[in-house]
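For reference, final_23.pdb is printed below; it contains PDB, C-alpha atoms, pLDDT in the B column.
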```
MODEL        1
ATOM      1  CA  MET A   1      43.653 -24.142   0.516  1.00 52.00           C
ATOM      2  CA  PHE A   2      45.835 -22.710  -2.259  1.00 55.00           C
ATOM      3  CA  ILE A   3      48.400 -20.107  -1.222  1.00 56.00           C
ATOM      4  CA  TYR A   4      50.072 -17.887  -3.808  1.00 56.00           C
ATOM      5  CA  ASN A   5      52.839 -16.174  -1.823  1.00 58.00           C
ATOM      6  CA  LYS A   6      53.929 -13.631  -4.424  1.00 67.00           C
ATOM      7  CA  PHE A   7      50.806 -11.523  -3.832  1.00 69.00           C
ATOM      8  CA  ALA A   8      49.578 -13.119  -0.584  1.00 72.00           C
ATOM      9  CA  CYS A   9      46.410 -14.411  -2.210  1.00 73.00           C
ATOM     10  CA  TYR A  10      44.576 -17.269  -0.487  1.00 75.00           C
ATOM     11  CA  LEU A  11      41.858 -19.408  -2.005  1.00 76.00           C
ATOM     12  CA  SER A  12      39.716 -21.884  -0.088  1.00 79.00           C
ATOM     13  CA  LEU A  13      37.145 -24.206  -1.598  1.00 80.00           C
ATOM     14  CA  TYR A  14      34.390 -26.009   0.267  1.00 80.00           C
ATOM     15  CA  VAL A  15      31.933 -28.042  -1.844  1.00 83.00           C
ATOM     16  CA  GLU A  16      30.676 -25.355  -4.254  1.00 78.00           C
ATOM     17  CA  ASP A  17      31.779 -22.300  -2.280  1.00 80.00           C
ATOM     18  CA  ILE A  18      35.034 -20.506  -3.036  1.00 80.00           C
ATOM     19  CA  ALA A  19      36.528 -17.770  -0.890  1.00 81.00           C
ATOM     20  CA  ILE A  20      39.480 -15.697  -2.073  1.00 80.00           C
ATOM     21  CA  TYR A  21      41.431 -13.598   0.424  1.00 77.00           C
ATOM     22  CA  SER A  22      44.086 -10.953  -0.165  1.00 76.00           C
ATOM     23  CA  ALA A  23      45.218  -7.640   1.280  1.00 74.00           C
ATOM     24  CA  ASP A  24      46.220  -6.608  -2.269  1.00 75.00           C
ATOM     25  CA  THR A  25      42.819  -5.464  -3.641  1.00 76.00           C
ATOM     26  CA  PRO A  26      43.908  -4.815  -7.264  1.00 80.00           C
ATOM     27  CA  HIS A  27      45.481  -8.287  -7.475  1.00 76.00           C
ATOM     28  CA  LEU A  28      42.432  -9.843  -5.827  1.00 78.00           C
ATOM     29  CA  ASN A  29      40.138  -8.245  -8.410  1.00 79.00           C
ATOM     30  CA  THR A  30      42.342  -9.679 -11.172  1.00 77.00           C
ATOM     31  CA  GLN A  31      42.159 -13.140  -9.611  1.00 75.00           C
ATOM     32  CA  ILE A  32      38.355 -12.985  -9.483  1.00 79.00           C
ATOM     33  CA  LYS A  33      38.080 -12.006 -13.178  1.00 81.00           C
ATOM     34  CA  HIS A  34      39.672 -15.220 -14.468  1.00 78.00           C
ATOM     35  CA  PRO A  35      37.197 -17.745 -12.981  1.00 79.00           C
ATOM     36  CA  LYS A  36      34.277 -15.462 -13.955  1.00 83.00           C
ATOM     37  CA  MET A  37      35.228 -15.971 -17.618  1.00 85.00           C
ATOM     38  CA  ALA A  38      34.790 -19.744 -17.356  1.00 87.00           C
ATOM     39  CA  PHE A  39      32.109 -20.159 -14.675  1.00 83.00           C
ATOM     40  CA  GLU A  40      28.914 -18.540 -13.472  1.00 85.00           C
ATOM     41  CA  ILE A  41      30.120 -16.799 -10.322  1.00 82.00           C
ATOM     42  CA  SER A  42      28.455 -14.407  -7.894  1.00 81.00           C
ATOM     43  CA  ASP A  43      30.762 -12.017  -6.079  1.00 79.00           C
ATOM     44  CA  LEU A  44      29.164 -11.525  -2.666  1.00 83.00           C
ATOM     45  CA  GLY A  45      31.758  -9.010  -1.465  1.00 81.00           C
ATOM     46  CA  GLU A  46      33.309  -9.164   1.975  1.00 83.00           C
ATOM     47  CA  ALA A  47      32.293 -12.210   3.961  1.00 83.00           C
ATOM     48  CA  SER A  48      30.573 -11.802   7.310  1.00 86.00           C
ATOM     49  CA  PHE A  49      29.997 -15.539   7.881  1.00 86.00           C
ATOM     50  CA  LEU A  50      32.090 -18.358   6.441  1.00 81.00           C
ATOM     51  CA  LEU A  51      31.893 -22.015   7.473  1.00 79.00           C
ATOM     52  CA  GLY A  52      30.418 -21.166  10.858  1.00 81.00           C
ATOM     53  CA  LEU A  53      32.853 -18.342  11.592  1.00 86.00           C
ATOM     54  CA  HIS A  54      31.580 -14.811  12.173  1.00 89.00           C
ATOM     55  CA  ILE A  55      34.023 -12.351  10.614  1.00 88.00           C
ATOM     56  CA  THR A  56      34.324  -8.792  11.927  1.00 89.00           C
ATOM     57  CA  TYR A  57      36.538  -6.243  10.157  1.00 86.00           C
ATOM     58  CA  THR A  58      38.339  -3.566  12.176  1.00 84.00           C
ATOM     59  CA  SER A  59      41.130  -1.065  11.504  1.00 85.00           C
ATOM     60  CA  ASP A  60      43.498  -3.464  13.317  1.00 85.00           C
ATOM     61  CA  GLY A  61      42.586  -6.469  11.159  1.00 81.00           C
ATOM     62  CA  ILE A  62      39.860  -9.083  11.450  1.00 83.00           C
ATOM     63  CA  ALA A  63      38.276 -10.953  14.345  1.00 88.00           C
ATOM     64  CA  LEU A  64      36.841 -14.459  14.046  1.00 88.00           C
ATOM     65  CA  THR A  65      34.263 -15.829  16.466  1.00 91.00           C
ATOM     66  CA  GLN A  66      31.942 -18.824  16.638  1.00 91.00           C
ATOM     67  CA  GLU A  67      29.346 -17.207  18.890  1.00 87.00           C
ATOM     68  CA  ARG A  68      26.380 -18.323  16.766  1.00 85.00           C
ATOM     69  CA  TYR A  69      27.624 -21.925  16.605  1.00 85.00           C
ATOM     70  CA  ILE A  70      28.255 -22.012  20.354  1.00 88.00           C
ATOM     71  CA  GLY A  71      24.752 -20.648  20.998  1.00 88.00           C
ATOM     72  CA  THR A  72      23.254 -23.345  18.760  1.00 87.00           C
ATOM     73  CA  ILE A  73      25.127 -26.083  20.620  1.00 89.00           C
ATOM     74  CA  LEU A  74      24.197 -24.680  24.052  1.00 92.00           C
ATOM     75  CA  SER A  75      20.521 -24.446  23.105  1.00 94.00           C
ATOM     76  CA  ARG A  76      20.444 -28.219  22.715  1.00 92.00           C
ATOM     77  CA  PHE A  77      21.087 -28.686  26.446  1.00 87.00           C
TER
ENDMDL
END
```
Now, as a test, write the supplied structure out as structure tokens.
Amino acid sequence: MFIYNKFACYLSLYVEDIAIYSADTPHLNTQIKHPKMAFEISDLGEASFLLGLHITYTSDGIALTQERYIGTILSRF
């Protein structure tokens, strides 16, 4: 994970998937433009699932759960 503290922009990379997080939307949009110039990138918008985590957005922030993963594990038994 790369953390750029000046604008609170977080970047995580897993194999060929990149996720960029920031509360500063204008800065986030600028950060997305640069890689798009060099690489073929699809902007999928706000994430709802990422690496097995279900992400729910609320007015208070975000909530992360692993309900789907837990259900998959429990179904094996």
(Q) Can you translate the PyMOL selection byres ((chain A and resi 23) around 10) into the concrete residues it hits in this file, as a ChimeraX atom specification? (A) /A:7-10,21-22,24-28
Dump C-alpha atoms for the selected residues as a PDB file, keeping the file's coordinate frame?
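In the end it all went to result-v4.pdb:
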```pdb
ATOM      1  CA  PHE A   7      50.806 -11.523  -3.832  1.00 69.00           C
ATOM      2  CA  ALA A   8      49.578 -13.119  -0.584  1.00 72.00           C
ATOM      3  CA  CYS A   9      46.410 -14.411  -2.210  1.00 73.00           C
ATOM      4  CA  TYR A  10      44.576 -17.269  -0.487  1.00 75.00           C
ATOM      5  CA  TYR A  21      41.431 -13.598   0.424  1.00 77.00           C
ATOM      6  CA  SER A  22      44.086 -10.953  -0.165  1.00 76.00           C
ATOM      7  CA  ASP A  24      46.220  -6.608  -2.269  1.00 75.00           C
ATOM      8  CA  THR A  25      42.819  -5.464  -3.641  1.00 76.00           C
ATOM      9  CA  PRO A  26      43.908  -4.815  -7.264  1.00 80.00           C
ATOM     10  CA  HIS A  27      45.481  -8.287  -7.475  1.00 76.00           C
ATOM     11  CA  LEU A  28      42.432  -9.843  -5.827  1.00 78.00           C
TER      12      LEU A  28
END
```
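Taking CA of Ile32 in chain A as the reference point, CA of Ile20 in chain A is found at 8.0 Å.
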Q.
Which residues are close to range 58-70 of chain A, i.e. within 10 Å by only C-alpha atoms, leaving aside same-chain residues fewer than 6 positions away? Reply as a PyMOL selection string.
A. chain A and resi 48-52
Q: In Å, rounded to a single decimal, give me how far CA of Lys33 in chain A is from CA of Leu53 in chain A.
A: 26.1 Å
Need the axis-aligned box for range 39-56 of chain A with 8 Å each side, so what are the centre and edges in Å to one decimal, as JSON?
```
{"center_x": 31.4, "center_y": -15.4, "center_z": -1.3, "size_x": 21.9, "size_y": 29.2, "size_z": 42.8}
```
Regenerate range 23-51 of chain A at the level of N, CA and C atoms and dump it as a CSV table (one decimal), in the frame of the given file.
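Result file is out_16.csv:
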```
chain,number,residue,atom,x,y,z
A,23,ALA,N,45.1,-9.0,0.9
A,23,ALA,CA,45.2,-7.6,1.3
A,23,ALA,C,45.5,-6.7,0.1
A,24,ASP,N,45.9,-7.3,-1.0
A,24,ASP,CA,46.2,-6.6,-2.3
A,24,ASP,C,45.0,-6.6,-3.1
A,25,THR,N,44.1,-5.5,-3.0
A,25,THR,CA,42.8,-5.5,-3.6
A,25,THR,C,42.9,-5.5,-5.2
A,26,PRO,N,43.8,-4.7,-5.8
A,26,PRO,CA,43.9,-4.8,-7.3
A,26,PRO,C,44.2,-6.2,-7.8
A,27,HIS,N,45.1,-6.9,-7.1
A,27,HIS,CA,45.5,-8.3,-7.5
A,27,HIS,C,44.3,-9.2,-7.2
A,28,LEU,N,43.6,-9.0,-6.1
A,28,LEU,CA,42.4,-9.8,-5.8
A,28,LEU,C,41.4,-9.7,-6.9
A,29,ASN,N,41.1,-8.5,-7.3
A,29,ASN,CA,40.1,-8.2,-8.4
A,29,ASN,C,40.5,-8.9,-9.7
A,30,THR,N,41.8,-9.0,-10.0
A,30,THR,CA,42.3,-9.7,-11.2
A,30,THR,C,42.1,-11.2,-11.0
A,31,GLN,N,42.3,-11.7,-9.8
A,31,GLN,CA,42.2,-13.1,-9.6
A,31,GLN,C,40.7,-13.6,-9.7
A,32,ILE,N,39.8,-12.7,-9.4
A,32,ILE,CA,38.4,-13.0,-9.5
A,32,ILE,C,37.9,-13.0,-10.9
A,33,LYS,N,38.5,-12.1,-11.8
A,33,LYS,CA,38.1,-12.0,-13.2
A,33,LYS,C,38.3,-13.3,-14.0
A,34,HIS,N,39.4,-14.0,-13.7
A,34,HIS,CA,39.7,-15.2,-14.5
A,34,HIS,C,38.6,-16.3,-14.3
A,35,PRO,N,38.2,-16.7,-13.1
A,35,PRO,CA,37.2,-17.7,-13.0
A,35,PRO,C,35.8,-17.3,-13.5
A,36,LYS,N,35.6,-16.0,-13.5
A,36,LYS,CA,34.3,-15.5,-14.0
A,36,LYS,C,34.1,-15.7,-15.5
A,37,MET,N,35.3,-15.7,-16.2
A,37,MET,CA,35.2,-16.0,-17.6
A,37,MET,C,34.8,-17.4,-18.0
A,38,ALA,N,35.1,-18.3,-17.1
A,38,ALA,CA,34.8,-19.7,-17.4
A,38,ALA,C,33.6,-20.3,-16.6
A,39,PHE,N,33.2,-19.6,-15.5
A,39,PHE,CA,32.1,-20.2,-14.7
A,39,PHE,C,31.1,-19.1,-14.3
A,40,GLU,N,29.9,-19.5,-14.0
A,40,GLU,CA,28.9,-18.5,-13.5
A,40,GLU,C,29.2,-18.3,-12.0
A,41,ILE,N,29.7,-17.1,-11.7
A,41,ILE,CA,30.1,-16.8,-10.3
A,41,ILE,C,29.4,-15.5,-9.8
A,42,SER,N,29.0,-15.6,-8.6
A,42,SER,CA,28.5,-14.4,-7.9
A,42,SER,C,29.5,-13.9,-6.9
A,43,ASP,N,29.8,-12.6,-7.0
A,43,ASP,CA,30.8,-12.0,-6.1
A,43,ASP,C,29.9,-11.4,-5.0
A,44,LEU,N,30.0,-12.0,-3.8
A,44,LEU,CA,29.2,-11.5,-2.7
A,44,LEU,C,29.9,-10.5,-1.8
A,45,GLY,N,31.0,-10.0,-2.2
A,45,GLY,CA,31.8,-9.0,-1.5
A,45,GLY,C,32.4,-9.6,-0.2
A,46,GLU,N,32.6,-8.7,0.7
A,46,GLU,CA,33.3,-9.2,2.0
A,46,GLU,C,32.4,-10.1,2.7
A,47,ALA,N,33.0,-11.2,3.2
A,47,ALA,CA,32.3,-12.2,4.0
A,47,ALA,C,32.0,-11.7,5.4
A,48,SER,N,30.9,-12.1,5.9
A,48,SER,CA,30.6,-11.8,7.3
A,48,SER,C,30.4,-13.1,8.0
A,49,PHE,N,30.0,-14.2,7.3
A,49,PHE,CA,30.0,-15.5,7.9
A,49,PHE,C,30.6,-16.5,6.9
A,50,LEU,N,31.5,-17.4,7.3
A,50,LEU,CA,32.1,-18.4,6.4
A,50,LEU,C,32.4,-19.6,7.2
A,51,LEU,N,31.7,-20.7,6.8
A,51,LEU,CA,31.9,-22.0,7.5
A,51,LEU,C,31.7,-21.9,9.0
```
